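File shown: final-v9.txt (compact mmCIF, C-alpha atoms).
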# COMPACT_ATOMS: atom_id res chain seq x y z
CA MET A 1025 -23.85 8.86 35.12
CA VAL A 1026 -21.46 10.96 33.09
CA HIS A 1027 -22.64 14.46 32.25
CA LEU A 1028 -21.12 15.98 29.16
CA LEU A 1029 -20.65 19.73 28.92
CA SER A 1030 -23.33 21.22 26.71
CA ASP A 1031 -21.04 24.05 25.57
CA ARG A 1032 -18.09 21.83 24.70
CA ALA A 1033 -18.08 23.06 21.10
CA ALA A 1034 -17.30 26.59 22.35
CA LYS A 1035 -15.06 25.61 25.28
CA HIS A 1036 -11.75 23.79 24.96
CA ILE A 1037 -12.05 20.55 26.88
CA THR A 1038 -9.07 20.13 29.21
CA ILE A 1039 -7.45 17.07 30.67
CA SER A 1040 -8.99 18.07 34.02
CA ASP A 1041 -12.46 17.96 32.44
CA MET A 1042 -11.71 14.47 31.17
CA ALA A 1043 -10.36 13.29 34.52
CA ASN A 1044 -13.40 14.65 36.39
CA ALA A 1045 -15.85 13.08 33.94
CA LEU A 1046 -14.16 9.69 34.22
CA GLY A 1047 -13.35 9.81 37.92
CA VAL A 1048 -9.66 9.14 37.35
CA THR A 1049 -6.44 11.14 37.66
CA LYS A 1050 -5.07 13.44 34.97
CA SER A 1051 -2.01 11.16 34.77
CA THR A 1052 -4.25 8.19 33.94
CA VAL A 1053 -5.96 10.15 31.15
CA SER A 1054 -2.61 11.27 29.73
CA ARG A 1055 -1.04 7.82 29.83
CA ALA A 1056 -4.16 6.17 28.40
CA MET A 1057 -4.29 8.65 25.51
CA ASN A 1058 -0.64 7.97 24.77
CA GLY A 1059 -1.00 4.19 24.85
CA TYR A 1060 1.31 3.47 27.77
CA PRO A 1061 1.44 -0.28 28.52
CA ASP A 1062 0.91 0.21 32.29
CA ILE A 1063 -2.66 1.35 31.57
CA SER A 1064 -5.02 -1.55 30.92
CA GLU A 1065 -6.60 -1.96 27.51
CA ALA A 1066 -10.05 -1.56 29.06
CA THR A 1067 -9.08 1.75 30.64
CA GLN A 1068 -7.48 2.97 27.42
CA LEU A 1069 -10.66 2.20 25.51
CA ARG A 1070 -12.80 3.91 28.16
CA VAL A 1071 -10.65 7.05 28.12
CA LYS A 1072 -10.48 7.24 24.32
CA SER A 1073 -14.22 6.71 24.03
CA MET A 1074 -14.84 9.57 26.45
CA ALA A 1075 -12.34 11.75 24.57
CA LYS A 1076 -14.34 11.19 21.41
CA LYS A 1077 -17.63 12.02 23.15
CA MET A 1078 -16.25 15.17 24.73
CA ASN A 1079 -14.29 16.21 21.65
CA TYR A 1080 -11.11 16.28 23.75
CA GLN A 1081 -7.93 17.05 21.81
CA PRO A 1082 -4.65 17.27 23.74
CA LEU A 1083 -2.74 20.46 22.97
CA SER A 1084 -0.01 19.38 20.55
CA HIS A 1085 2.69 21.64 21.99
CA ALA A 1086 2.00 20.42 25.53
CA GLN A 1087 2.13 16.82 24.35
CA ALA A 1088 5.44 17.45 22.62
CA ILE A 1089 6.93 18.96 25.78
CA LYS A 1090 5.75 16.10 28.01
CA THR A 1091 6.51 13.16 25.74
CA GLY A 1092 9.07 14.47 23.27
CA ARG A 1093 6.60 13.60 20.51
CA THR A 1094 4.66 15.67 18.04
CA ARG A 1095 2.05 12.90 17.68
CA SER A 1096 2.38 13.29 13.93
CA LEU A 1097 3.13 10.71 11.24
CA GLY A 1098 5.15 11.86 8.25
CA LEU A 1099 4.65 11.05 4.57
CA VAL A 1100 6.61 12.32 1.58
CA LEU A 1101 4.89 11.79 -1.77
CA GLN A 1102 6.84 11.83 -5.01
CA PHE A 1103 4.54 13.39 -7.60
CA SER A 1104 6.87 12.51 -10.47
CA ASP A 1105 5.67 8.88 -10.19
CA HIS A 1106 3.73 7.68 -13.22
CA ASP A 1107 0.43 7.33 -11.33
CA ALA A 1108 0.90 9.80 -8.49
CA GLN A 1109 -2.51 11.40 -9.11
CA ARG A 1110 -4.49 8.17 -9.34
CA PRO A 1111 -7.66 7.60 -7.27
CA PHE A 1112 -5.97 4.99 -5.08
CA LEU A 1113 -3.78 7.77 -3.63
CA ALA A 1114 -6.86 9.50 -2.22
CA GLU A 1115 -7.99 6.23 -0.65
CA PHE A 1116 -4.53 5.58 0.76
CA LEU A 1117 -4.31 9.07 2.29
CA ALA A 1118 -7.81 8.74 3.73
CA GLY A 1119 -6.81 5.46 5.37
CA LEU A 1120 -3.60 6.91 6.82
CA SER A 1121 -5.41 9.96 8.15
CA HIS A 1122 -8.18 7.88 9.71
CA GLY A 1123 -5.69 5.46 11.26
CA ALA A 1124 -3.69 8.33 12.74
CA SER A 1125 -6.74 10.23 14.06
CA ALA A 1126 -8.08 7.05 15.68
CA GLU A 1127 -5.13 7.32 18.07
CA GLY A 1128 -5.31 11.10 18.37
CA TRP A 1129 -2.41 11.62 15.97
CA THR A 1130 -2.12 13.73 12.83
CA LEU A 1131 -0.60 13.21 9.39
CA THR A 1132 2.04 15.55 7.97
CA VAL A 1133 2.35 15.32 4.17
CA ALA A 1134 5.12 16.78 2.03
CA THR A 1135 5.68 16.42 -1.72
CA ALA A 1136 8.72 16.06 -3.93
CA ASP A 1137 9.32 16.10 -7.67
CA SER A 1138 12.41 13.88 -7.81
CA ASN A 1139 14.39 11.31 -5.82
CA ALA A 1140 16.93 13.93 -4.78
CA GLN A 1141 14.24 16.35 -3.63
CA MET A 1142 12.48 13.55 -1.77
CA ILE A 1143 15.56 12.86 0.37
CA GLU A 1144 15.96 16.59 1.03
CA LYS A 1145 12.34 16.75 2.19
CA PHE A 1146 13.02 13.91 4.63
CA ARG A 1147 16.11 15.71 5.92
CA ALA A 1148 14.11 18.91 6.43
CA LEU A 1149 11.33 17.12 8.30
CA LEU A 1150 13.88 15.36 10.49
CA ARG A 1151 15.74 18.62 11.16
CA ASP A 1152 12.55 20.46 12.09
CA GLY A 1153 11.16 17.61 14.19
CA LYS A 1154 7.85 17.67 12.32
CA SER A 1155 7.08 13.94 12.63
CA ASP A 1156 7.73 11.11 15.08
CA GLY A 1157 7.95 8.49 12.34
CA PHE A 1158 7.40 8.00 8.64
CA VAL A 1159 5.28 5.92 6.28
CA LEU A 1160 7.24 4.83 3.20
CA PRO A 1161 4.94 3.89 0.29
CA ARG A 1162 6.26 2.15 -2.82
CA ALA A 1163 9.08 0.24 -1.15
CA MET A 1164 12.12 0.12 -3.43
CA SER A 1165 14.62 -2.71 -3.76
CA ARG A 1166 17.42 -0.33 -2.81
CA ASP A 1167 15.56 2.26 -0.82
CA PRO A 1168 17.48 5.44 0.09
CA ARG A 1169 14.71 6.43 2.50
CA VAL A 1170 15.31 3.28 4.54
CA LYS A 1171 19.04 3.99 4.80
CA LEU A 1172 18.45 7.60 5.84
CA LEU A 1173 15.93 6.73 8.55
CA ARG A 1174 17.93 3.73 9.80
CA ASP A 1175 21.02 5.94 10.15
CA SER A 1176 18.94 8.62 11.88
CA GLY A 1177 17.33 6.18 14.30
CA VAL A 1178 13.85 7.37 13.35
CA PRO A 1179 10.90 4.90 13.29
CA PHE A 1180 9.40 4.09 9.91
CA ILE A 1181 7.13 1.57 8.23
CA LEU A 1182 7.14 0.36 4.65
CA TYR A 1183 4.20 -0.27 2.39
CA GLY A 1184 6.13 -3.16 0.90
CA ARG A 1185 9.03 -5.31 2.04
CA GLN A 1186 12.83 -5.25 2.16
CA GLU A 1187 15.39 -7.93 1.38
CA ASN A 1188 17.44 -6.62 4.31
CA PRO A 1189 14.84 -6.51 7.09
CA ASP A 1190 17.03 -4.99 9.82
CA GLY A 1191 15.03 -2.37 11.69
CA CYS A 1192 12.13 -2.62 9.24
CA CYS A 1193 8.47 -3.02 9.97
CA TRP A 1194 6.01 -3.26 7.12
CA PHE A 1195 2.55 -3.91 5.82
CA ASP A 1196 2.20 -5.45 2.37
CA VAL A 1197 -0.15 -7.26 0.03
CA ARG A 1198 1.23 -10.58 -1.24
CA GLY A 1199 1.47 -9.81 -4.94
CA GLU A 1200 3.55 -12.94 -5.46
CA ASP A 1201 0.61 -15.09 -4.32
CA ALA A 1202 -1.64 -13.23 -6.76
CA MET A 1203 0.72 -13.97 -9.68
CA HIS A 1204 0.91 -17.62 -8.64
CA ASP A 1205 -2.88 -17.88 -8.42
CA ALA A 1206 -3.26 -16.11 -11.77
CA VAL A 1207 -1.10 -18.75 -13.47
CA ARG A 1208 -3.13 -21.48 -11.80
CA HIS A 1209 -6.33 -19.87 -13.08
CA LEU A 1210 -5.00 -19.62 -16.63
CA ALA A 1211 -3.61 -23.16 -16.61
CA ALA A 1212 -7.01 -24.46 -15.52
CA LEU A 1213 -8.44 -22.75 -18.62
CA GLY A 1214 -6.00 -24.66 -20.81
CA HIS A 1215 -3.38 -21.96 -21.40
CA GLN A 1216 0.17 -23.23 -21.79
CA ARG A 1217 2.03 -20.29 -23.34
CA ILE A 1218 1.66 -17.53 -20.77
CA ALA A 1219 3.54 -14.24 -21.00
CA PHE A 1220 4.55 -12.14 -18.01
CA ILE A 1221 4.97 -8.35 -18.08
CA ASN A 1222 6.48 -6.99 -14.87
CA GLY A 1223 6.17 -3.50 -13.41
CA GLY A 1224 8.90 -1.10 -12.34
CA THR A 1225 12.01 -3.13 -11.58
CA GLN A 1226 13.24 -0.53 -9.07
CA TYR A 1227 10.36 -1.43 -6.76
CA ALA A 1228 10.54 -4.22 -4.18
CA TYR A 1229 7.37 -5.83 -5.52
CA ALA A 1230 8.89 -6.63 -8.95
CA PRO A 1231 11.11 -9.61 -8.00
CA LEU A 1232 8.38 -10.95 -5.73
CA ARG A 1233 5.75 -10.93 -8.47
CA GLN A 1234 8.15 -12.45 -10.99
CA LYS A 1235 8.95 -15.24 -8.54
CA GLY A 1236 5.24 -15.82 -7.99
CA PHE A 1237 4.77 -16.15 -11.76
CA CYS A 1238 7.69 -18.57 -12.14
CA ASP A 1239 6.59 -20.67 -9.16
CA GLY A 1240 3.07 -20.85 -10.59
CA MET A 1241 4.40 -21.99 -13.97
CA ALA A 1242 6.55 -24.67 -12.31
CA GLU A 1243 3.60 -25.94 -10.28
CA ALA A 1244 1.49 -26.16 -13.45
CA GLY A 1245 4.28 -28.00 -15.27
CA LEU A 1246 4.65 -25.20 -17.81
CA ALA A 1247 7.88 -23.87 -19.29
CA VAL A 1248 8.84 -20.23 -18.75
CA ASP A 1249 9.81 -18.76 -22.12
CA PRO A 1250 12.25 -15.81 -21.73
CA ASP A 1251 10.89 -14.38 -24.99
CA LEU A 1252 7.51 -14.01 -23.29
CA MET A 1253 8.85 -12.03 -20.33
CA ASP A 1254 9.46 -8.30 -20.09
CA GLY A 1255 9.44 -5.56 -17.45
CA ASP A 1256 9.43 -1.90 -16.51
CA ALA A 1257 5.90 -1.55 -17.88
CA VAL A 1258 4.04 0.84 -15.58
CA THR A 1259 1.95 2.91 -18.00
CA ILE A 1260 -0.62 2.14 -20.68
CA GLU A 1261 1.95 3.18 -23.28
CA ASP A 1262 4.51 0.77 -21.82
CA GLY A 1263 1.98 -2.04 -21.87
CA GLU A 1264 1.04 -1.33 -25.47
CA ARG A 1265 4.68 -1.33 -26.57
CA VAL A 1266 5.65 -4.52 -24.75
CA GLY A 1267 2.34 -6.21 -25.49
CA THR A 1268 2.71 -5.55 -29.22
CA LYS A 1269 6.18 -7.08 -29.21
CA ILE A 1270 5.07 -10.19 -27.35
CA LEU A 1271 1.80 -10.76 -29.18
CA SER A 1272 3.45 -10.29 -32.59
CA GLN A 1273 5.69 -13.33 -32.18
CA SER A 1274 5.18 -16.28 -34.49
CA ASN A 1275 4.41 -18.53 -31.53
CA ALA A 1276 2.48 -15.95 -29.56
CA PRO A 1277 1.12 -16.57 -26.06
CA THR A 1278 -2.56 -17.24 -25.50
CA ALA A 1279 -2.48 -15.38 -22.18
CA VAL A 1280 -0.67 -12.38 -20.73
CA LEU A 1281 -0.18 -11.79 -17.01
CA CYS A 1282 0.71 -8.22 -16.01
CA ALA A 1283 2.12 -7.01 -12.69
CA VAL A 1284 0.13 -3.74 -12.88
CA ASP A 1285 -3.24 -2.82 -14.34
CA PHE A 1286 -2.01 0.09 -16.45
CA ALA A 1287 0.25 -2.24 -18.42
CA ALA A 1288 -2.67 -4.62 -18.90
CA LEU A 1289 -4.78 -1.85 -20.39
CA GLY A 1290 -1.90 -1.22 -22.79
CA VAL A 1291 -2.03 -4.90 -23.76
CA TYR A 1292 -5.68 -4.31 -24.66
CA ARG A 1293 -4.51 -1.67 -27.16
CA ALA A 1294 -1.85 -3.98 -28.54
CA ALA A 1295 -4.39 -6.77 -29.01
CA ALA A 1296 -6.75 -4.42 -30.84
CA LYS A 1297 -3.98 -3.37 -33.23
CA LEU A 1298 -3.34 -7.03 -34.00
CA ASN A 1299 -7.05 -7.86 -34.42
CA LEU A 1300 -7.07 -10.04 -31.32
CA ARG A 1301 -10.08 -10.13 -29.04
CA VAL A 1302 -9.27 -9.93 -25.34
CA GLY A 1303 -10.98 -12.73 -23.46
CA ARG A 1304 -11.29 -14.91 -26.57
CA ASP A 1305 -8.10 -14.81 -28.65
CA VAL A 1306 -5.89 -13.77 -25.75
CA SER A 1307 -6.59 -13.75 -22.02
CA VAL A 1308 -5.30 -10.97 -19.76
CA ILE A 1309 -4.95 -10.91 -15.96
CA SER A 1310 -3.44 -8.13 -13.91
CA TYR A 1311 -3.02 -6.65 -10.43
CA ASP A 1312 -4.14 -3.45 -8.67
CA GLY A 1313 -7.91 -3.18 -9.15
CA ILE A 1314 -7.96 0.36 -10.58
CA PRO A 1315 -11.41 1.69 -11.60
CA GLU A 1316 -10.41 1.88 -15.28
CA GLY A 1317 -10.15 -1.91 -15.34
CA PHE A 1318 -13.84 -2.30 -14.53
CA TYR A 1319 -14.85 -0.05 -17.43
CA ALA A 1320 -12.53 -1.67 -20.00
CA GLN A 1321 -14.14 -3.81 -22.69
CA PRO A 1322 -14.21 -6.56 -21.63
CA PRO A 1323 -13.78 -5.73 -17.93
CA LEU A 1324 -10.28 -6.57 -16.73
CA THR A 1325 -9.73 -9.67 -14.61
CA THR A 1326 -7.45 -8.49 -11.82
CA PHE A 1327 -6.42 -8.73 -8.18
CA SER A 1328 -7.77 -5.82 -6.15
CA VAL A 1329 -5.97 -4.08 -3.29
CA ASP A 1330 -7.77 -2.20 -0.50
CA ASN A 1331 -5.49 0.84 -0.21
CA ARG A 1332 -7.67 2.56 2.38
CA ALA A 1333 -7.43 -0.43 4.72
CA ALA A 1334 -3.68 -0.59 4.04
CA GLY A 1335 -3.31 3.07 5.02
CA GLU A 1336 -5.19 2.53 8.27
CA ARG A 1337 -3.06 -0.48 9.17
CA LEU A 1338 0.20 1.27 8.31
CA ALA A 1339 -0.70 4.15 10.63
CA ALA A 1340 -1.62 1.80 13.49
CA LEU A 1341 1.57 -0.25 13.16
CA LEU A 1342 3.79 2.82 12.89
CA ILE A 1343 2.33 4.32 16.08
CA ARG A 1344 3.07 1.05 17.87
CA ARG A 1345 6.64 1.20 16.55
CA ILE A 1346 7.04 4.79 17.77
CA ARG A 1347 5.82 3.67 21.19
CA GLY A 1348 8.67 1.18 21.35
CA GLU A 1349 7.53 -2.16 19.97
CA ASN A 1350 10.11 -4.26 18.12
CA PRO A 1351 9.99 -3.95 14.32
CA GLU A 1352 10.15 -7.74 13.97
CA ASP A 1353 6.74 -7.92 15.67
CA LEU A 1354 5.24 -5.34 13.31
CA ARG A 1355 5.32 -7.09 9.95
CA GLU A 1356 2.01 -8.03 8.34
CA THR A 1357 0.97 -9.24 4.91
CA VAL A 1358 -2.50 -9.84 3.47
CA SER A 1359 -3.95 -11.30 0.30
CA ALA A 1360 -5.30 -9.39 -2.68
CA THR A 1361 -8.89 -10.04 -3.81
CA PHE A 1362 -9.39 -11.85 -7.12
CA LEU A 1363 -11.90 -10.16 -9.44
CA ASN A 1364 -12.80 -12.71 -12.13
CA ARG A 1365 -14.14 -10.68 -15.04
CA GLY A 1366 -14.35 -10.88 -18.80
CA SER A 1367 -10.73 -10.68 -19.92
CA THR A 1368 -9.99 -14.36 -19.38
CA GLY A 1369 -11.41 -17.40 -21.14
CA PRO A 1370 -10.50 -20.88 -22.40
CA ALA A 1371 -7.30 -21.12 -24.38
CA PRO A 1372 -8.03 -20.79 -28.11
CA THR A 1373 -6.97 -23.67 -30.28
CA GLN A 1374 -5.51 -21.22 -32.79
CA ILE A 1375 -4.68 -17.53 -32.74
CA LYS A 1376 -6.55 -15.82 -35.55
Turn the structure described in the file into structure tokens.
Amino acid sequence: MVHLLSDRAAKHITISDMANALGVTKSTVSRAMNGYPDISEATQLRVKSMAKKMNYQPLSHAQAIKTGRTRSLGLVLQFSDHDAQRPFLAEFLAGLSHGASAEGWTLTVATADSNAQMIEKFRALLRDGKSDGFVLPRAMSRDPRVKLLRDSGVPFILYGRQENPDGCCWFDVRGEDAMHDAVRHLAALGHQRIAFINGGTQYAYAPLRQKGFCDGMAEAGLAVDPDLMDGDAVTIEDGERVGTKILSQSNAPTAVLCAVDFAALGVYRAAAKLNLRVGRDVSVISYDGIPEGFYAQPPLTTFSVDNRAAGERLAALLIRRIRGENPEDLRETVSATFLNRGSTGPAPTQIK
């Protein structure tokens, strides 16, 4: 039977305490806590379970001396982004933190107000050795963070994908499949003229979601009308502006598919200005699953993303990369969840 120390809250639990409680060597405890492959999975689980029970936390400076690691994951957030303060950021950070702490690691977060400042923050973190690897949210088509970290030989993981995959590991949600499925859903409702409003074209998701839309239209036997396509709509104001332009055409679409929810909520405003009822005169589908979509009238049909789960998985994969696994073996994608709500309906026979 294992006896836990009753005063462990007041006494720092040492690696010797752990080794004595488990009946193993201090080296076994250390290597199990650090995920070394020569320690069996069963032993690693047993050691980590005991560490949790005993509230054992390795001293970070001692770990850094022994392993050359800080056991910290780095994240630089750019607060100049249009939705940097949105609720999904809190969920994402919670997931990252939980994923890191599950392995006994920490999360180091820095902020930047511009692209230039963001790169400088990365350089500072690299210079000071504050993190063993970095999580890169909002993967960009031409991502300066990727180039910097590739050149520096520092592990990183993308929330998103890269056209040039060399040295990249990633976790992503297949937005292109969501766009494809959205077209299929609309086509089944009788819609033939379907507009597409893309998000920020600097992001890696934009070409993927546009391709998903075009592939869905081709599968449904529907023509893609360039006049019904637009992009760089990432705010409600963007969506209202682009939506007004598209819905004001003489041969207006009966459905609008948006790459991001904020743009879709702007389309709601555009429809209201034009005396069109969302869900009856024009159907709207989007992607993200933000809370505002649920409270819109009618509630927004969208594809929801679990950002907390994504954060947890990104942390787990990055730690594996830091421990030496090949990036090609650390690439995962998952599906978004379709939320069929009130903003879609049968195609109207005539726009009123």
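Relative to atom CA of Ser1096 of chain A, atom CA of Tyr1229 of chain A is found at 27.7 Å.
Remark: for Val1266 of chain A, the closest of the candidate residues A:Gly1240, A:Gly1369, A:Gly1290, A:Pro1351 is A:Gly1290 (distances computed over all atoms listed in the file).
The gap separating atom CA of Lys1269 of chain A from atom CA of Ala1212 of chain A is 25.8 Å, in Å to one decimal.
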Quiz item: Separation of atom CA of Lys1072 of chain A and atom CA of Gly1157 of chain A, in Å?
Solution: 22.0 Å
Quiz item: Near His1215 of chain A, within 6 Å and counting all atoms listed in the file, which residues show up once chain neighbours fewer than 3 positions away are dropped, as a list in words?
Solution: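 Contacts, with the query itself left out: Leu1210, Ala1211 and Ala1371 of chain A.
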Quiz item: Residues at most 8 Å from segment 1169-1184 of chain A, counting only C-alpha atoms, excluding those fewer than 5 positions away in the same chain, as a PyMOL selection string?
Solution: chain A and resi 1143+1146+1156-1163+1191-1197+1228-1229+1338+1341-1342+1345-1346
Can those selected residues be exported to a file as a PDB file, in the frame of the given file so that it contains C-alpha atoms?
ATOM      1  CA  ILE A1143      15.560  12.860   0.370  1.00  0.00           C
ATOM      2  CA  PHE A1146      13.020  13.910   4.630  1.00  0.00           C
ATOM      3  CA  ASP A1156       7.730  11.110  15.080  1.00  0.00           C
ATOM      4  CA  GLY A1157       7.950   8.490  12.340  1.00  0.00           C
ATOM      5  CA  PHE A1158       7.400   8.000   8.640  1.00  0.00           C
ATOM      6  CA  VAL A1159       5.280   5.920   6.280  1.00  0.00           C
ATOM      7  CA  LEU A1160       7.240   4.830   3.200  1.00  0.00           C
ATOM      8  CA  PRO A1161       4.940   3.890   0.290  1.00  0.00           C
ATOM      9  CA  ARG A1162       6.260   2.150  -2.820  1.00  0.00           C
ATOM     10  CA  ALA A1163       9.080   0.240  -1.150  1.00  0.00           C
ATOM     11  CA  GLY A1191      15.030  -2.370  11.690  1.00  0.00           C
ATOM     12  CA  CYS A1192      12.130  -2.620   9.240  1.00  0.00           C
ATOM     13  CA  CYS A1193       8.470  -3.020   9.970  1.00  0.00           C
ATOM     14  CA  TRP A1194       6.010  -3.260   7.120  1.00  0.00           C
ATOM     15  CA  PHE A1195       2.550  -3.910   5.820  1.00  0.00           C
ATOM     16  CA  ASP A1196       2.200  -5.450   2.370  1.00  0.00           C
ATOM     17  CA  VAL A1197      -0.150  -7.260   0.030  1.00  0.00           C
ATOM     18  CA  ALA A1228      10.540  -4.220  -4.180  1.00  0.00           C
ATOM     19  CA  TYR A1229       7.370  -5.830  -5.520  1.00  0.00           C
ATOM     20  CA  LEU A1338       0.200   1.270   8.310  1.00  0.00           C
ATOM     21  CA  LEU A1341       1.570  -0.250  13.160  1.00  0.00           C
ATOM     22  CA  LEU A1342       3.790   2.820  12.890  1.00  0.00           C
ATOM     23  CA  ARG A1345       6.640   1.200  16.550  1.00  0.00           C
ATOM     24  CA  ILE A1346       7.040   4.790  17.770  1.00  0.00           C
TER      25      ILE A1346
END
